Amino acid sequence: MNPSRLLVALATLWLLAACSTADNSRPPAELKPIADALPVTRLWERDTGEGTHQRYLNRMQPLLMEGRLYTVDTAGQVQAFDPISGKRLWRQDSGLQALAGPGGDAGRLVLASREGEVALLKLRKGGFDEQWRVQVASEIRSPAVIDGDQVFLRSVDGKLHALDATSGQRLWSASRRVPPLSLTGTSAPLVTAERVISGFDNGKLVAYNRSDGSVDWELTVSVPRGRSEIERLVDLDGQFVLRDGVIYVSAYQGDLTAVTEAGGQVLWTRKFSSYQAVEIDDEALYLVDDNSHVWSIDRRSGSAFWKQDALDARKLTAPRKVGKYLVVGDLEGWVHWIDTSDGRIVARSRPDVKRYLAQPLAWGDQQAILLDATAQLFALQLAGQ
């Protein structure tokens with residue numbers, strides 16, 4: 001892509017990525033009073049460092065792991081918190097300018113940077129020791145995934161990388177064509193015992209053999225339609241999920257699809273446009289579409305249980321289930337609680353006036369944890385829960 005076209009594409013992406021208050025095609029819905037609203041308690045608040053830059057407006061999701069809450073800011077500062085009390089346990093600089101939250105498992109964190117660096121950190125009491133750091137790829141906008149002796153990550157140039165978790169050595173890489181125009185984010189790989197599944201900007205979902213990177217199956221989730229590059233966007237940016245051997249994946253300006261993990265067979269599909277992560281329980285999928293309408297969808301058939309459209313154009317985060325409620329944040333700092341049984345908004349609070357970009361976290365069945373665009377971390381709970 002020549003420089004002038006790249007500048008046009010970047011400017012368009014900034015508008016399309018649903019990551020600023022100025023890109024609304026219509027004004028956000030006014031919030032209506034909630035009848036018999038449940039009270040919300042703010043349990044604690046902490047500063048996690050440097051917030052999201054206006055240029056990037058990325059989803060810096062914290063990581064809950066082994067009873068600890070980990071954050072990294074855009075300057076590379078890593079912090080650990082007690083999710084119950086909010087007490088800061090330690091803080092240490094990594095030197096990586098992150099655009100995504102940390103990945104991790106079993107006493108290890110993996111960080112990735114806007115320059116394409118990846119580092120594995122071994123946790124210890126009071127901080128971490130860096131085990132290795134390697135230059136892998138171009139900009140990385142989704143968390144790396146570590147599983148056993150392998151680390152997997154997606155870069156914005158359309159590549160999936162597999163690294164050795166002990167040394168950082170590249171084991172294999174695979175790539176798919178990046179369209180001339182795409183949304184700014186990427187979904188993280190989904191790793192199973194035998195495969196690593198990755199979504200790409202051309203609407204394809206690909207399952208690779210995690211040992212050697214060979215393709216087990218490939219599925220076109222959504223086919224580009226329309227004449228303009230904008231109309232033809234079909235990115236798989238929303239984080240897809242796996243449940244009972246079935247992957248549920250949505251595409252921007254495309255479809256919501258249920259596909260078997262073992263063979264890539266489509267079980268059902270329905271028209272649905274979203275760039276947000278999918279939430280799931282035993283019965284339903286919960287999604288926010290690109291109009292900020294919240295949906296509950298039968299995960300066995302794809303039919304809708306309910307839709308909540310009172311938050312139209314409020315640029316909601318992906319939903320998180322906390323107990324029997326969904327929690328979403330919006331562009332003005334409001335946090336909304338929605339009953340999963342019927343879609344009613346039952347509570348609302350505004351711990352800060354800054355926008356939420358990352359999907360909330362759930363600590364147990366009672367506590368929601370949210371990180372806003374200025375890197376302020378909040379823990380909320382419905383009173384009486």
# chains A, B, ... in the order shown; residues from 1 in each chain; ligands from 1
>>> select_by_dssp(residues="segment 119-284 of chain A", states="strand (DSSP E or B)", output="count of residues only")
81
>>> closest_atom_pairs(of="segment 79-157 of chain A", to="segment 363-366 of chain A", cutoff="12 Å", atoms="only C-alpha atoms", output="JSON lines")
{"residue": "A:Asp82", "atom": "CA", "partner": "A:Trp363", "partner_atom": "CA", "distance": 10.8}
{"residue": "A:Pro83", "atom": "CA", "partner": "A:Trp363", "partner_atom": "CA", "distance": 7.3}
{"residue": "A:Ile84", "atom": "CA", "partner": "A:Trp363", "partner_atom": "CA", "distance": 8.1}
{"residue": "A:Ser85", "atom": "CA", "partner": "A:Trp363", "partner_atom": "CA", "distance": 11.6}
{"residue": "A:Gly86", "atom": "CA", "partner": "A:Trp363", "partner_atom": "CA", "distance": 11.8}
>>> write_last_selection(atoms="N, CA and C atoms", output="PDB file, in the first residue's frame")
ATOM      1  N   ASP A  82      -4.985  -7.542  44.377  1.00  0.00           N
ATOM      2  CA  ASP A  82      -5.929  -8.464  44.996  1.00  0.00           C
ATOM      3  C   ASP A  82      -7.318  -8.083  44.483  1.00  0.00           C
ATOM      4  N   PRO A  83      -8.028  -8.978  43.772  1.00  0.00           N
ATOM      5  CA  PRO A  83      -9.313  -8.588  43.199  1.00  0.00           C
ATOM      6  C   PRO A  83     -10.411  -8.353  44.235  1.00  0.00           C
ATOM      7  N   ILE A  84     -10.238  -8.841  45.428  1.00  0.00           N
ATOM      8  CA  ILE A  84     -11.261  -8.646  46.472  1.00  0.00           C
ATOM      9  C   ILE A  84     -11.129  -7.267  47.109  1.00  0.00           C
ATOM     10  N   SER A  85      -9.932  -6.934  47.535  1.00  0.00           N
ATOM     11  CA  SER A  85      -9.725  -5.666  48.246  1.00  0.00           C
ATOM     12  C   SER A  85      -9.234  -4.548  47.330  1.00  0.00           C
ATOM     13  N   GLY A  86      -8.694  -4.904  46.173  1.00  0.00           N
ATOM     14  CA  GLY A  86      -8.090  -3.915  45.297  1.00  0.00           C
ATOM     15  C   GLY A  86      -6.676  -3.524  45.696  1.00  0.00           C
TER      16      GLY A  86
END
>>> residues_around(residues="Lys87 of chain A", least_positions_apart="6", cutoff="10 Å", atoms="only C-alpha atoms", output="VMD selection string")
chain A and resid 44 to 46 80 to 81
>>> closest_atom_pairs(of="segment 329-366 of chain A", to="segment 296-306 of chain A", cutoff="10 Å", atoms="only C-alpha atoms", output="tab-separated table")
residue	atom	partner	partner_atom	distance
A:Thr340	CA	A:Ser296	CA	7.5
A:Ser341	CA	A:Trp306	CA	8.6
A:Asp342	CA	A:Trp306	CA	6.4
A:Gly343	CA	A:Trp306	CA	6.3
A:Arg344	CA	A:Trp306	CA	9.6
>>> residues_around(residues="Gly104 of chain A", least_positions_apart="4", cutoff="10 Å", atoms="only C-alpha atoms", output="MDAnalysis selection string")
chainID A and resid 63:65 70 108:111 120:122 143:147 151
>>> residues_around(residues="Val322 of chain A", least_positions_apart="4", cutoff="7 Å", atoms="only C-alpha atoms", output="ChimeraX atom specification")
/A:326-327,362,365-368
>>> residues_around(residues="Ala313 of chain A", least_positions_apart="5", cutoff="9 Å", atoms="only C-alpha atoms", output="number ranges by chain")
A: 24-29, 290-293
>>> closest_residue(among="A:Val221, A:Ala383, A:Val156, A:Leu316", to="Tyr356 of chain A", atoms="only C-alpha atoms")
A:Leu316
>>> residues_around(residues="Leu267 of chain A", least_positions_apart="3", cutoff="12 Å", atoms="only C-alpha atoms", output="list of chain:residue names")
A:Gly245, A:Val246, A:Ile247, A:Tyr248, A:Val249, A:Leu256, A:Thr257, A:Ala258, A:Val259, A:Thr260, A:Glu261, A:Gly263, A:Gly264, A:Arg270, A:Arg299, A:Arg300, A:Ser301, A:Gly302
>>> select_by_dssp(residues="segment 13-201 of chain A", states="alpha helix (DSSP H)", output="PyMOL selection string")
chain A and resi 13-16
>>> write_last_selection(atoms="C-alpha atoms", output="CSV table (one decimal), in the first residue's frame")
chain,number,residue,atom,x,y,z
A,13,LEU,CA,-10.2,2.8,10.4
A,14,TRP,CA,-10.0,5.3,13.2
A,15,LEU,CA,-13.6,6.3,12.3
A,16,LEU,CA,-14.8,2.7,11.7
